[in-house]
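J.: Okay, so here is final23.cif, and as you'll see once you scroll down, it has mmCIF, C-alpha atoms.
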```cif
data_upload
loop_
_atom_site.label_atom_id
_atom_site.label_comp_id
_atom_site.auth_asym_id
_atom_site.auth_seq_id
_atom_site.Cartn_x
_atom_site.Cartn_y
_atom_site.Cartn_z
CA MET A 1 7.57 -27.06 -8.33
CA SER A 2 5.17 -26.01 -5.60
CA ASP A 3 1.41 -25.93 -6.19
CA GLN A 4 1.48 -22.21 -5.53
CA GLN A 5 4.11 -21.62 -8.17
CA THR A 6 2.14 -23.71 -10.68
CA GLU A 7 -1.00 -21.75 -9.93
CA PHE A 8 0.87 -18.46 -10.34
CA ASP A 9 2.41 -19.59 -13.64
CA THR A 10 -1.01 -20.62 -14.94
CA VAL A 11 -2.51 -17.24 -14.11
CA ILE A 12 0.32 -15.47 -15.95
CA GLU A 13 0.23 -17.85 -18.89
CA THR A 14 -3.53 -17.55 -19.39
CA ASP A 15 -3.34 -13.76 -19.21
CA GLN A 16 -5.34 -13.49 -16.01
CA ARG A 17 -4.37 -11.05 -13.26
CA ILE A 18 -2.53 -11.62 -10.01
CA GLU A 19 -4.42 -9.98 -7.15
CA PRO A 20 -3.02 -8.65 -3.84
CA ARG A 21 -3.62 -11.62 -1.57
CA ASP A 22 -2.56 -14.27 -4.09
CA TRP A 23 0.71 -16.09 -3.55
CA MET A 24 3.45 -14.63 -5.74
CA PRO A 25 7.19 -15.27 -6.04
CA GLU A 26 9.16 -12.93 -3.80
CA ALA A 27 11.13 -11.63 -6.80
CA TYR A 28 7.89 -10.76 -8.64
CA ARG A 29 6.68 -8.83 -5.60
CA LYS A 30 10.00 -7.02 -5.23
CA THR A 31 10.15 -6.09 -8.91
CA LEU A 32 6.65 -4.65 -8.72
CA VAL A 33 7.35 -2.70 -5.54
CA ARG A 34 10.44 -1.21 -7.17
CA GLN A 35 8.66 -0.34 -10.40
CA VAL A 36 5.38 0.93 -8.94
CA ALA A 37 7.17 2.98 -6.27
CA GLN A 38 9.48 4.51 -8.87
CA HIS A 39 6.45 5.30 -10.98
CA ALA A 40 4.61 6.88 -8.01
CA HIS A 41 7.68 8.93 -7.07
CA SER A 42 7.92 10.16 -10.68
CA GLU A 43 4.36 11.43 -10.55
CA ILE A 44 4.88 13.53 -7.45
CA ILE A 45 8.37 14.77 -8.34
CA GLY A 46 6.94 15.57 -11.77
CA MET A 47 4.72 18.17 -10.13
CA GLN A 48 7.76 20.38 -9.51
CA PRO A 49 8.99 21.34 -13.00
CA GLU A 50 5.47 22.31 -14.04
CA GLY A 51 4.43 23.77 -10.70
CA ASN A 52 7.30 26.16 -11.34
CA TRP A 53 5.13 27.89 -13.98
CA ILE A 54 1.73 28.05 -12.28
CA THR A 55 2.23 31.59 -11.00
CA ARG A 56 3.61 32.73 -14.34
CA ALA A 57 1.22 31.09 -16.78
CA PRO A 58 0.40 33.61 -19.53
CA SER A 59 -3.37 33.69 -18.94
CA LEU A 60 -5.96 32.70 -16.37
CA LYS A 61 -7.12 29.91 -18.67
CA ARG A 62 -3.59 28.47 -18.96
CA LYS A 63 -3.13 28.80 -15.23
CA ALA A 64 -6.35 26.91 -14.44
CA ILE A 65 -5.38 24.17 -16.92
CA LEU A 66 -1.88 23.85 -15.49
CA MET A 67 -3.20 23.63 -11.94
CA ALA A 68 -5.60 20.88 -13.01
CA LYS A 69 -2.72 19.04 -14.64
CA VAL A 70 -0.42 19.30 -11.64
CA GLN A 71 -3.31 18.17 -9.42
CA ASP A 72 -3.75 15.16 -11.72
CA GLU A 73 -0.09 14.25 -11.19
CA ALA A 74 -0.67 14.22 -7.43
CA GLY A 75 -3.70 12.01 -8.00
CA HIS A 76 -1.65 9.65 -10.17
CA GLY A 77 0.93 9.45 -7.42
CA LEU A 78 -1.81 8.47 -5.01
CA TYR A 79 -3.25 5.74 -7.27
CA LEU A 80 0.22 4.29 -7.65
CA TYR A 81 1.19 4.47 -3.98
CA SER A 82 -2.10 2.69 -3.25
CA ALA A 83 -1.21 -0.01 -5.77
CA ALA A 84 2.22 -0.39 -4.15
CA GLU A 85 0.64 -0.68 -0.71
CA THR A 86 -1.34 -3.73 -1.81
CA LEU A 87 2.07 -5.45 -2.09
CA GLY A 88 2.60 -5.07 1.65
CA VAL A 89 4.70 -1.89 1.88
CA SER A 90 3.71 1.32 3.62
CA ARG A 91 3.50 4.64 1.86
CA ASP A 92 5.56 6.32 4.56
CA ASP A 93 8.36 3.82 4.01
CA LEU A 94 8.29 4.44 0.27
CA LEU A 95 8.52 8.19 0.82
CA ASP A 96 11.41 7.70 3.26
CA GLN A 97 13.24 5.69 0.62
CA LEU A 98 12.64 8.38 -2.00
CA HIS A 99 13.95 11.04 0.36
CA ALA A 100 16.99 8.94 1.25
CA GLY A 101 17.78 8.41 -2.44
CA LYS A 102 17.26 4.65 -2.13
CA GLN A 103 14.43 4.60 -4.66
CA LYS A 104 14.51 6.49 -7.90
CA TYR A 105 12.09 8.51 -9.99
CA SER A 106 12.16 9.16 -13.72
CA SER A 107 15.29 11.12 -14.65
CA ILE A 108 13.35 13.39 -16.97
CA PHE A 109 12.21 15.46 -14.00
CA ASN A 110 15.79 16.45 -13.25
CA TYR A 111 15.76 18.85 -16.19
CA PRO A 112 14.74 22.48 -15.58
CA THR A 113 11.72 24.28 -17.06
CA LEU A 114 13.38 27.46 -18.33
CA THR A 115 10.52 29.04 -20.30
CA TRP A 116 6.75 28.77 -20.66
CA ALA A 117 7.31 26.73 -23.82
CA ASP A 118 8.85 24.02 -21.63
CA VAL A 119 5.39 23.42 -20.15
CA GLY A 120 4.21 22.75 -23.70
CA ALA A 121 7.17 20.51 -24.52
CA ILE A 122 6.67 18.50 -21.33
CA GLY A 123 3.01 17.94 -22.14
CA TRP A 124 3.66 16.92 -25.73
CA LEU A 125 6.91 14.97 -25.43
CA VAL A 126 7.29 13.88 -21.81
CA ASP A 127 3.63 12.99 -21.29
CA GLY A 128 3.57 11.56 -24.81
CA ALA A 129 6.48 9.25 -23.99
CA ALA A 130 4.86 8.38 -20.65
CA ILE A 131 1.59 7.45 -22.40
CA THR A 132 3.46 5.25 -24.89
CA ASN A 133 5.05 3.47 -21.93
CA GLN A 134 1.88 3.28 -19.90
CA ILE A 135 -0.73 2.05 -22.36
CA PRO A 136 0.73 -1.49 -22.37
CA LEU A 137 0.91 -1.33 -18.56
CA CYS A 138 -2.91 -1.27 -18.50
CA ARG A 139 -2.55 -5.02 -19.31
CA CYS A 140 0.14 -5.64 -16.70
CA SER A 141 -0.23 -8.98 -14.89
CA TYR A 142 -0.63 -7.33 -11.48
CA GLY A 143 -4.28 -6.26 -11.12
CA PRO A 144 -4.00 -3.15 -8.92
CA TYR A 145 -1.16 -1.69 -11.02
CA ALA A 146 -3.06 -2.35 -14.26
CA ARG A 147 -6.21 -0.73 -12.87
CA ALA A 148 -4.29 2.35 -11.70
CA MET A 149 -2.78 2.64 -15.19
CA VAL A 150 -6.21 2.59 -16.83
CA ARG A 151 -7.26 5.64 -14.81
CA ILE A 152 -3.94 7.36 -15.41
CA CYS A 153 -3.94 6.82 -19.17
CA LYS A 154 -7.43 8.30 -19.47
CA GLU A 155 -6.26 11.42 -17.68
CA GLU A 156 -2.90 11.71 -19.42
CA SER A 157 -4.39 12.26 -22.84
CA PHE A 158 -5.62 15.69 -21.72
CA HIS A 159 -2.07 16.44 -20.57
CA GLN A 160 -0.53 15.65 -23.90
CA ARG A 161 -3.08 17.64 -25.86
CA GLN A 162 -2.75 20.72 -23.65
CA GLY A 163 1.04 20.64 -24.18
CA TYR A 164 0.68 20.27 -27.92
CA GLU A 165 -1.77 23.15 -28.00
CA ILE A 166 0.65 25.40 -26.10
CA LEU A 167 3.40 24.63 -28.62
CA TYR A 168 1.06 25.03 -31.58
CA THR A 169 0.00 28.45 -30.30
CA LEU A 170 3.60 29.55 -29.78
CA ALA A 171 4.76 28.09 -33.09
CA ASN A 172 2.11 30.19 -34.86
CA GLY A 173 2.85 33.32 -32.85
CA THR A 174 5.61 35.89 -33.20
CA PRO A 175 9.06 34.80 -34.43
CA ALA A 176 10.31 35.09 -30.84
CA GLN A 177 7.51 32.83 -29.59
CA LYS A 178 8.21 30.30 -32.31
CA GLN A 179 11.89 30.38 -31.39
CA MET A 180 10.96 29.77 -27.76
CA ALA A 181 8.91 26.71 -28.76
CA GLN A 182 11.77 25.39 -30.92
CA ASP A 183 14.28 25.87 -28.11
CA ALA A 184 12.09 23.93 -25.68
CA VAL A 185 11.66 21.08 -28.17
CA ASN A 186 15.42 21.04 -28.75
CA ARG A 187 16.07 20.59 -25.05
CA TRP A 188 13.30 18.05 -24.29
CA TRP A 189 13.56 15.74 -27.31
CA TRP A 190 16.56 13.63 -26.30
CA PRO A 191 15.68 13.34 -22.61
CA SER A 192 12.21 12.19 -23.71
CA LEU A 193 13.74 9.39 -25.79
CA MET A 194 15.81 8.38 -22.76
CA MET A 195 12.60 7.95 -20.74
CA PHE A 196 12.12 4.52 -22.33
CA GLY A 197 15.22 3.32 -20.52
CA PRO A 198 18.42 1.67 -21.72
CA ALA A 199 18.58 -0.24 -25.00
CA ASP A 200 17.23 -3.78 -24.77
CA ASP A 201 20.64 -5.45 -24.53
CA GLU A 202 21.60 -3.14 -21.64
CA SER A 203 18.37 -3.28 -19.66
CA ALA A 204 18.83 -5.15 -16.39
CA HIS A 205 15.23 -6.14 -15.61
CA SER A 206 13.57 -6.30 -19.03
CA ALA A 207 13.62 -10.01 -19.85
CA GLN A 208 12.22 -11.19 -16.52
CA SER A 209 9.58 -8.45 -16.47
CA MET A 210 8.44 -9.46 -19.94
CA ALA A 211 8.22 -13.12 -18.86
CA TRP A 212 6.05 -12.08 -15.93
CA LYS A 213 3.97 -9.87 -18.24
CA ILE A 214 4.64 -6.86 -16.05
CA LYS A 215 6.12 -5.40 -19.21
CA ARG A 216 4.61 -6.12 -22.60
CA HIS A 217 7.06 -4.50 -25.04
CA SER A 218 10.79 -3.85 -25.00
CA ASN A 219 12.27 -0.40 -24.34
CA ASP A 220 13.50 -0.08 -27.92
CA ASP A 221 10.14 -1.05 -29.41
CA LEU A 222 8.33 1.55 -27.34
CA ARG A 223 10.93 4.20 -28.15
CA GLN A 224 10.50 3.51 -31.88
CA ARG A 225 6.72 3.70 -31.54
CA PHE A 226 7.06 7.11 -29.87
CA VAL A 227 9.44 8.48 -32.53
CA ASP A 228 7.10 7.30 -35.30
CA MET A 229 4.21 9.19 -33.70
CA ALA A 230 6.17 12.33 -32.83
CA VAL A 231 7.75 13.08 -36.21
CA PRO A 232 4.51 13.85 -38.10
CA GLN A 233 3.23 15.79 -35.07
CA ALA A 234 6.36 17.97 -35.15
CA GLU A 235 5.78 18.64 -38.85
CA ILE A 236 2.29 19.94 -38.13
CA LEU A 237 3.72 22.19 -35.42
CA GLY A 238 6.22 23.51 -37.96
CA LEU A 239 9.07 22.72 -35.57
CA THR A 240 12.11 20.54 -36.15
CA LEU A 241 13.41 17.74 -33.98
CA PRO A 242 17.10 18.16 -33.07
CA ASP A 243 18.41 15.02 -34.77
CA PRO A 244 20.24 15.24 -38.13
CA ASP A 245 19.92 11.46 -38.55
CA LEU A 246 16.14 11.44 -38.29
CA ARG A 247 14.65 10.13 -41.54
CA TRP A 248 11.98 7.77 -42.84
CA ASN A 249 13.22 4.28 -43.59
CA ALA A 250 10.80 2.81 -46.10
CA GLU A 251 12.36 -0.64 -45.78
CA ARG A 252 11.72 -0.85 -42.05
CA GLY A 253 8.52 1.20 -42.17
CA HIS A 254 9.89 3.30 -39.30
CA TYR A 255 11.86 6.46 -38.72
CA ASP A 256 15.59 5.97 -38.18
CA PHE A 257 17.08 8.18 -35.50
CA GLY A 258 20.53 9.07 -34.23
CA PRO A 259 22.42 7.60 -31.27
CA ILE A 260 21.30 8.52 -27.75
CA ASP A 261 23.85 10.00 -25.36
CA TRP A 262 23.73 7.25 -22.73
CA ASP A 263 26.55 8.86 -20.77
CA GLU A 264 24.23 11.77 -20.10
CA PHE A 265 21.43 9.38 -19.18
CA TRP A 266 23.54 7.55 -16.60
CA ARG A 267 24.96 10.80 -15.24
CA VAL A 268 21.45 12.06 -14.54
CA VAL A 269 20.27 8.70 -13.17
CA LYS A 270 23.23 8.65 -10.79
CA GLY A 271 22.36 12.06 -9.40
CA ASP A 272 24.23 14.60 -11.50
CA GLY A 273 21.46 16.04 -13.63
CA PRO A 274 20.75 19.77 -13.60
CA CYS A 275 18.08 19.59 -10.85
CA ASN A 276 18.48 16.31 -8.90
CA ARG A 277 19.43 17.92 -5.60
CA GLN A 278 16.85 20.68 -5.84
CA ARG A 279 14.00 18.25 -6.58
CA ILE A 280 14.76 16.05 -3.58
CA ALA A 281 15.41 19.02 -1.30
CA ASN A 282 12.02 20.50 -2.26
CA ARG A 283 10.30 17.17 -1.71
CA ILE A 284 11.83 16.70 1.74
CA LYS A 285 10.97 20.26 2.69
CA ALA A 286 7.34 19.83 1.58
CA HIS A 287 7.16 16.59 3.56
CA GLU A 288 8.65 18.11 6.70
CA ASP A 289 6.64 21.33 6.45
CA GLY A 290 3.48 19.22 6.20
CA ALA A 291 4.29 17.12 9.26
CA TRP A 292 2.33 19.32 11.66
CA VAL A 293 -0.76 19.05 9.46
CA ARG A 294 -0.60 15.26 9.45
CA GLU A 295 -0.10 15.20 13.22
CA ALA A 296 -2.85 17.72 13.90
CA ALA A 297 -5.34 15.76 11.78
CA ILE A 298 -4.53 12.56 13.69
CA ALA A 299 -4.80 14.35 17.04
CA TYR A 300 -8.16 15.84 16.00
CA ALA A 301 -9.47 12.46 14.86
CA ASP A 302 -8.35 10.85 18.15
CA LYS A 303 -10.08 13.56 20.15
CA GLN A 304 -13.34 13.29 18.17
CA ARG A 305 -13.35 9.54 18.63
CA ALA A 306 -12.72 9.85 22.38
CA ARG A 307 -15.51 12.39 22.69
CA GLN A 308 -17.95 10.15 20.81
CA THR A 309 -17.02 7.17 22.97
CA ALA A 310 -17.54 9.22 26.14
CA THR A 311 -20.96 10.43 24.93
CA ARG A 312 -22.00 6.88 24.11
CA GLU A 313 -20.86 5.63 27.52
CA ARG A 314 -22.75 8.35 29.32
CA ALA A 315 -25.88 7.52 27.38
CA ALA A 316 -25.56 3.81 28.16
CA MET B 1 4.04 14.00 25.83
CA THR B 2 7.65 12.86 26.00
CA GLU B 3 9.85 13.28 23.00
CA PRO B 4 9.68 9.63 21.83
CA GLU B 5 5.89 9.78 22.11
CA VAL B 6 5.81 12.90 19.98
CA LYS B 7 7.99 11.13 17.39
CA GLU B 8 5.71 8.07 17.55
CA GLN B 9 2.70 10.31 16.97
CA ALA B 10 4.37 11.87 13.96
CA ARG B 11 5.13 8.45 12.52
CA ARG B 12 1.54 7.24 12.79
CA GLU B 13 0.28 6.87 9.28
CA TRP B 14 -3.27 8.01 8.56
CA PRO B 15 -5.48 4.92 8.28
CA LEU B 16 -6.32 3.43 4.89
CA TRP B 17 -9.84 3.75 3.46
CA GLU B 18 -11.39 1.90 0.54
CA VAL B 19 -13.42 4.10 -1.78
CA PHE B 20 -16.64 3.09 -3.56
CA VAL B 21 -18.30 5.34 -6.11
CA ARG B 22 -21.77 5.27 -7.66
CA SER B 23 -21.06 6.51 -11.15
CA LYS B 24 -24.68 7.41 -11.88
CA ARG B 25 -28.16 6.93 -10.49
CA GLY B 26 -29.43 3.44 -11.05
CA LEU B 27 -26.01 1.78 -10.69
CA SER B 28 -24.51 0.31 -7.53
CA HIS B 29 -21.36 1.64 -5.87
CA GLY B 30 -18.19 0.08 -7.24
CA HIS B 31 -14.71 -0.06 -5.74
CA VAL B 32 -12.42 2.55 -7.34
CA GLY B 33 -9.36 2.60 -5.09
CA SER B 34 -8.09 3.62 -1.70
CA LEU B 35 -6.54 6.52 0.14
CA HIS B 36 -5.20 7.58 3.54
CA ALA B 37 -7.15 10.00 5.74
CA ALA B 38 -7.27 10.85 9.42
CA ASP B 39 -11.06 10.57 9.82
CA PRO B 40 -14.22 9.70 7.83
CA GLU B 41 -15.03 13.28 6.81
CA MET B 42 -11.52 13.83 5.48
CA ALA B 43 -11.65 10.48 3.68
CA LEU B 44 -14.86 11.52 1.91
CA ARG B 45 -13.51 14.90 0.94
CA MET B 46 -10.27 13.43 -0.40
CA ALA B 47 -12.16 10.68 -2.22
CA ARG B 48 -14.12 13.42 -3.98
CA ASP B 49 -10.90 15.21 -4.96
CA VAL B 50 -9.03 12.10 -6.04
CA TYR B 51 -11.66 9.85 -7.60
CA THR B 52 -14.36 12.20 -8.96
CA ARG B 53 -12.33 15.07 -10.45
CA ARG B 54 -14.07 14.51 -13.79
CA GLN B 55 -17.62 13.95 -12.57
CA GLU B 56 -17.13 10.21 -12.27
CA GLY B 57 -19.66 9.90 -9.47
CA VAL B 58 -22.86 11.03 -7.79
CA SER B 59 -22.30 9.27 -4.46
CA ILE B 60 -19.26 8.03 -2.52
CA TRP B 61 -18.77 5.50 0.27
CA VAL B 62 -15.55 5.32 2.27
CA VAL B 63 -14.87 2.25 4.42
CA PRO B 64 -11.92 1.74 6.77
CA ALA B 65 -9.82 -0.90 5.00
CA ALA B 66 -9.28 -2.62 8.36
CA SER B 67 -13.05 -3.23 8.66
CA ILE B 68 -13.25 -5.38 5.56
CA THR B 69 -13.40 -9.15 6.02
CA ALA B 70 -12.27 -10.92 2.87
CA SER B 71 -12.27 -14.54 1.73
CA SER B 72 -8.85 -16.10 1.71
CA PRO B 73 -7.20 -16.74 -1.65
CA ASP B 74 -5.54 -19.86 -0.18
CA GLU B 75 -8.91 -21.48 0.42
CA LYS B 76 -10.53 -20.24 -2.72
CA ASP B 77 -10.98 -23.68 -4.23
CA PRO B 78 -12.75 -25.34 -1.27
CA PHE B 79 -14.58 -22.09 -0.50
CA PHE B 80 -16.15 -21.76 -3.93
CA ASP B 81 -16.34 -25.50 -4.72
CA PRO B 82 -19.93 -25.99 -3.55
CA ALA B 83 -21.18 -23.96 -6.52
CA GLY B 84 -19.09 -25.92 -9.00
CA ASP B 85 -21.31 -28.99 -9.39
CA LYS B 86 -24.67 -27.26 -9.41
CA VAL B 87 -25.12 -26.53 -13.08
CA TYR B 88 -28.88 -26.94 -12.59
CA ARG B 89 -28.85 -23.41 -11.13
CA HIS B 90 -28.44 -22.06 -14.67
CA PRO B 91 -31.34 -21.90 -17.10
CA THR B 92 -29.18 -23.38 -19.85
CA PHE B 93 -29.16 -26.69 -17.95
CA TYR B 94 -32.72 -27.52 -19.01
CA ASP B 95 -33.83 -29.20 -22.23
CA LEU B 96 -36.95 -27.69 -23.69
CA PRO B 97 -39.27 -29.28 -26.24
CA GLU B 98 -39.16 -27.87 -29.74
CA GLY B 99 -41.42 -24.88 -30.33
CA VAL B 100 -42.04 -23.79 -26.76
CA GLU B 101 -41.87 -19.99 -26.37
CA HIS B 102 -41.57 -17.36 -23.64
CA LEU B 103 -39.67 -19.77 -21.36
#
```
Could you render the structure as structure tokens?
T.:
Amino acid sequence: MSDQQTEFDTVIETDQRIEPRDWMPEAYRKTLVRQVAQHAHSEIIGMQPEGNWITRAPSLKRKAILMAKVQDEAGHGLYLYSAAETLGVSRDDLLDQLHAGKQKYSSIFNYPTLTWADVGAIGWLVDGAAITNQIPLCRCSYGPYARAMVRICKEESFHQRQGYEILYTLANGTPAQKQMAQDAVNRWWWPSLMMFGPADDESAHSAQSMAWKIKRHSNDDLRQRFVDMAVPQAEILGLTLPDPDLRWNAERGHYDFGPIDWDEFWRVVKGDGPCNRQRIANRIKAHEDGAWVREAAIAYADKQRARQTATRERAA
Amino acid sequence: MTEPEVKEQARREWPLWEVFVRSKRGLSHGHVGSLHAADPEMALRMARDVYTRRQEGVSIWVVPAASITASSPDEKDPFFDPAGDKVYRHPTFYDLPEGVEHL
């Protein structure tokens, strides 16, 4: 074994962090690029389902909060693209790969936001599932990714609370509002459970990622943790979760839950969810419509620099 | 500009900047992350929007990432070795007689 490999293994084993310019196995680097890019893409695609409701938020307060949240998602995308760039890839290339469908984003964002209550359900369930996934990533073996996750987790907790508050308000409103909240929860519950990824025995990358301490817990463990937290929260909302098999198992000390429709999961992953095409089309359009701004800013910066150089030369 | 030059211009990525934030008076600036921007003013403005959305800072530095000279991880052992055998630089190295105070 090479000295470099031994050094790398020691860092992982002793729970230290790998930093950008350290030697790392090519497969470790590739796994991280794939995961961090997918995570970054999810943040910016995730702006779309919620952005859909900014103009129709029911009050100025809700609108300001939602804008702050969507702006946070853009910020999270930036932290993560920056982390990916420390692995030697360019942000433009990552965006090209997203647009070409060569890199994925979380499938959850391929579901539509049909009512205002969906904004609440996304905050509570989708951000809740994301937080459950992300808290262990704060201890990920790759330093820049772990540091980005620390910032993100701090900010996400506001997201989850604002969603829960929206649902709580609706659930205690008129019967129609309560029904709207229940309908949103019915539609977002199962896709949220799918966010943790395939069951452990079906998950392609899990074992290696755990060995490298990129991942700290298995998909199924995290999913169970999320269900255990969500059930009592749903009770306080006065809403039900759409699973007839959901019940406390005193022996295990966990909630049992029904089977997940993995056919649906794979259908959405492979591109046939309700909004896959629309999300990518919007993203490409935003990117192309912004091209002139990026070019103009570069041209302006070039011109300013040239002018400064000329002034300096004249003075010399 | 010819067409390929225009394309080339469009493909030019905004340069990368490293961002340092002073979280409050009395503390030094610390590295918080990086971002892309066309020029220093834009880098500062974006750093404010990205890294101090929740009043995390009272002062920001942005530095072109390309201007940073860093020590090489490959040479880190020889580079930092000279400090390794100089334990006498730490106060704990010294034996003091019983009872001596304020030292």
J.: Residue by residue, what does the PyMOL selection byres ((chain B) within 8 of (chain A)) grab here? Present the result as an mmCIF file with C-alpha atoms, in the frame of the given file.
T.:
```cif
data_model
loop_
_atom_site.group_PDB
_atom_site.id
_atom_site.type_symbol
_atom_site.label_atom_id
_atom_site.label_comp_id
_atom_site.auth_asym_id
_atom_site.auth_seq_id
_atom_site.Cartn_x
_atom_site.Cartn_y
_atom_site.Cartn_z
ATOM 1 C CA GLN B 9 2.700 10.310 16.970
ATOM 2 C CA ALA B 10 4.370 11.870 13.960
ATOM 3 C CA GLU B 13 0.280 6.870 9.280
ATOM 4 C CA TRP B 14 -3.270 8.010 8.560
ATOM 5 C CA GLY B 33 -9.360 2.600 -5.090
ATOM 6 C CA SER B 34 -8.090 3.620 -1.700
ATOM 7 C CA LEU B 35 -6.540 6.520 0.140
ATOM 8 C CA ALA B 38 -7.270 10.850 9.420
ATOM 9 C CA ASP B 39 -11.060 10.570 9.820
ATOM 10 C CA VAL B 50 -9.030 12.100 -6.040
ATOM 11 C CA SER B 72 -8.850 -16.100 1.710
ATOM 12 C CA PRO B 73 -7.200 -16.740 -1.650
ATOM 13 C CA ASP B 74 -5.540 -19.860 -0.180
#
```
J.: Report, in Å to a single decimal, how far apart CA of Phe196 (chain A) and CA of Ile131 (chain A) are.
T.: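 It comes out at 10.9 Å.
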J.: Using CA of Thr115 (chain A) and CA of Glu235 (chain A) as the two end points, give the distance in Å to one decimal.
T.: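 Atom-to-atom, CA of Thr115 (chain A) and CA of Glu235 (chain A) are spaced 21.8 Å apart.
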J.: Evaluate the PyMOL selection byres ((chain A and resi 198-214) around 8) here and jot the selected residues down as a VMD selection string.
T.: chain A and resid 12 28 31 to 32 137 140 to 142 194 196 to 197 215 to 220 262
J.: What's the separation between CA of Gly88 (chain A) and CA of His41 (chain A), in Å to one decimal place?
T.: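 Answer for the CA of Gly88 (chain A) to CA of His41 (chain A) separation: 17.3 Å.
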J.: Rank B:Gly57, B:Pro64, B:Gly30, B:Pro97 by their smallest atom-to-atom distance to Leu16 (chain B), using all atoms listed in the file, and report the top residue only.
T.: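 Of B:Gly57, B:Pro64, B:Gly30, B:Pro97, the one nearest Leu16 (chain B) is B:Pro64, counting all atoms listed in the file.
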J.: Could you please fill out region 205-217 of chain A with N, CA, C and O atoms and send it back as a short mmCIF file (atom, residue, chain, number, x, y, z; two decimals), keeping the file's coordinate frame?
T.:
```
data_model
loop_
_atom_site.label_atom_id
_atom_site.label_comp_id
_atom_site.auth_asym_id
_atom_site.auth_seq_id
_atom_site.Cartn_x
_atom_site.Cartn_y
_atom_site.Cartn_z
N HIS A 205 16.40 -5.41 -16.11
CA HIS A 205 15.23 -6.14 -15.61
C HIS A 205 14.28 -6.60 -16.72
O HIS A 205 13.32 -7.30 -16.44
N SER A 206 14.57 -6.15 -17.96
CA SER A 206 13.57 -6.30 -19.03
C SER A 206 13.08 -7.73 -19.25
O SER A 206 11.88 -7.97 -19.25
N ALA A 207 14.01 -8.67 -19.42
CA ALA A 207 13.62 -10.01 -19.85
C ALA A 207 12.69 -10.65 -18.83
O ALA A 207 11.61 -11.16 -19.18
N GLN A 208 13.05 -10.59 -17.56
CA GLN A 208 12.22 -11.19 -16.52
C GLN A 208 10.85 -10.50 -16.44
O GLN A 208 9.83 -11.17 -16.32
N SER A 209 10.85 -9.17 -16.55
CA SER A 209 9.58 -8.45 -16.47
C SER A 209 8.66 -8.81 -17.63
O SER A 209 7.45 -8.86 -17.47
N MET A 210 9.26 -9.06 -18.79
CA MET A 210 8.44 -9.46 -19.94
C MET A 210 7.87 -10.86 -19.69
O MET A 210 6.71 -11.12 -20.00
N ALA A 211 8.69 -11.75 -19.13
CA ALA A 211 8.22 -13.12 -18.86
C ALA A 211 7.06 -13.09 -17.87
O ALA A 211 6.12 -13.87 -17.97
N TRP A 212 7.13 -12.20 -16.92
CA TRP A 212 6.05 -12.08 -15.93
C TRP A 212 4.88 -11.24 -16.43
O TRP A 212 3.91 -11.01 -15.71
N LYS A 213 4.99 -10.74 -17.64
CA LYS A 213 3.97 -9.87 -18.24
C LYS A 213 3.69 -8.62 -17.41
O LYS A 213 2.57 -8.11 -17.37
N ILE A 214 4.72 -8.17 -16.68
CA ILE A 214 4.64 -6.86 -16.05
C ILE A 214 4.84 -5.86 -17.19
O ILE A 214 4.17 -4.84 -17.30
N LYS A 215 5.78 -6.18 -18.03
CA LYS A 215 6.12 -5.40 -19.21
C LYS A 215 5.65 -6.15 -20.44
O LYS A 215 5.77 -7.37 -20.50
N ARG A 216 5.13 -5.42 -21.43
CA ARG A 216 4.61 -6.12 -22.60
C ARG A 216 5.45 -5.89 -23.85
O ARG A 216 5.36 -6.64 -24.81
N HIS A 217 6.23 -4.80 -23.86
CA HIS A 217 7.06 -4.50 -25.04
C HIS A 217 8.43 -4.07 -24.56
O HIS A 217 8.57 -3.54 -23.46
#
```
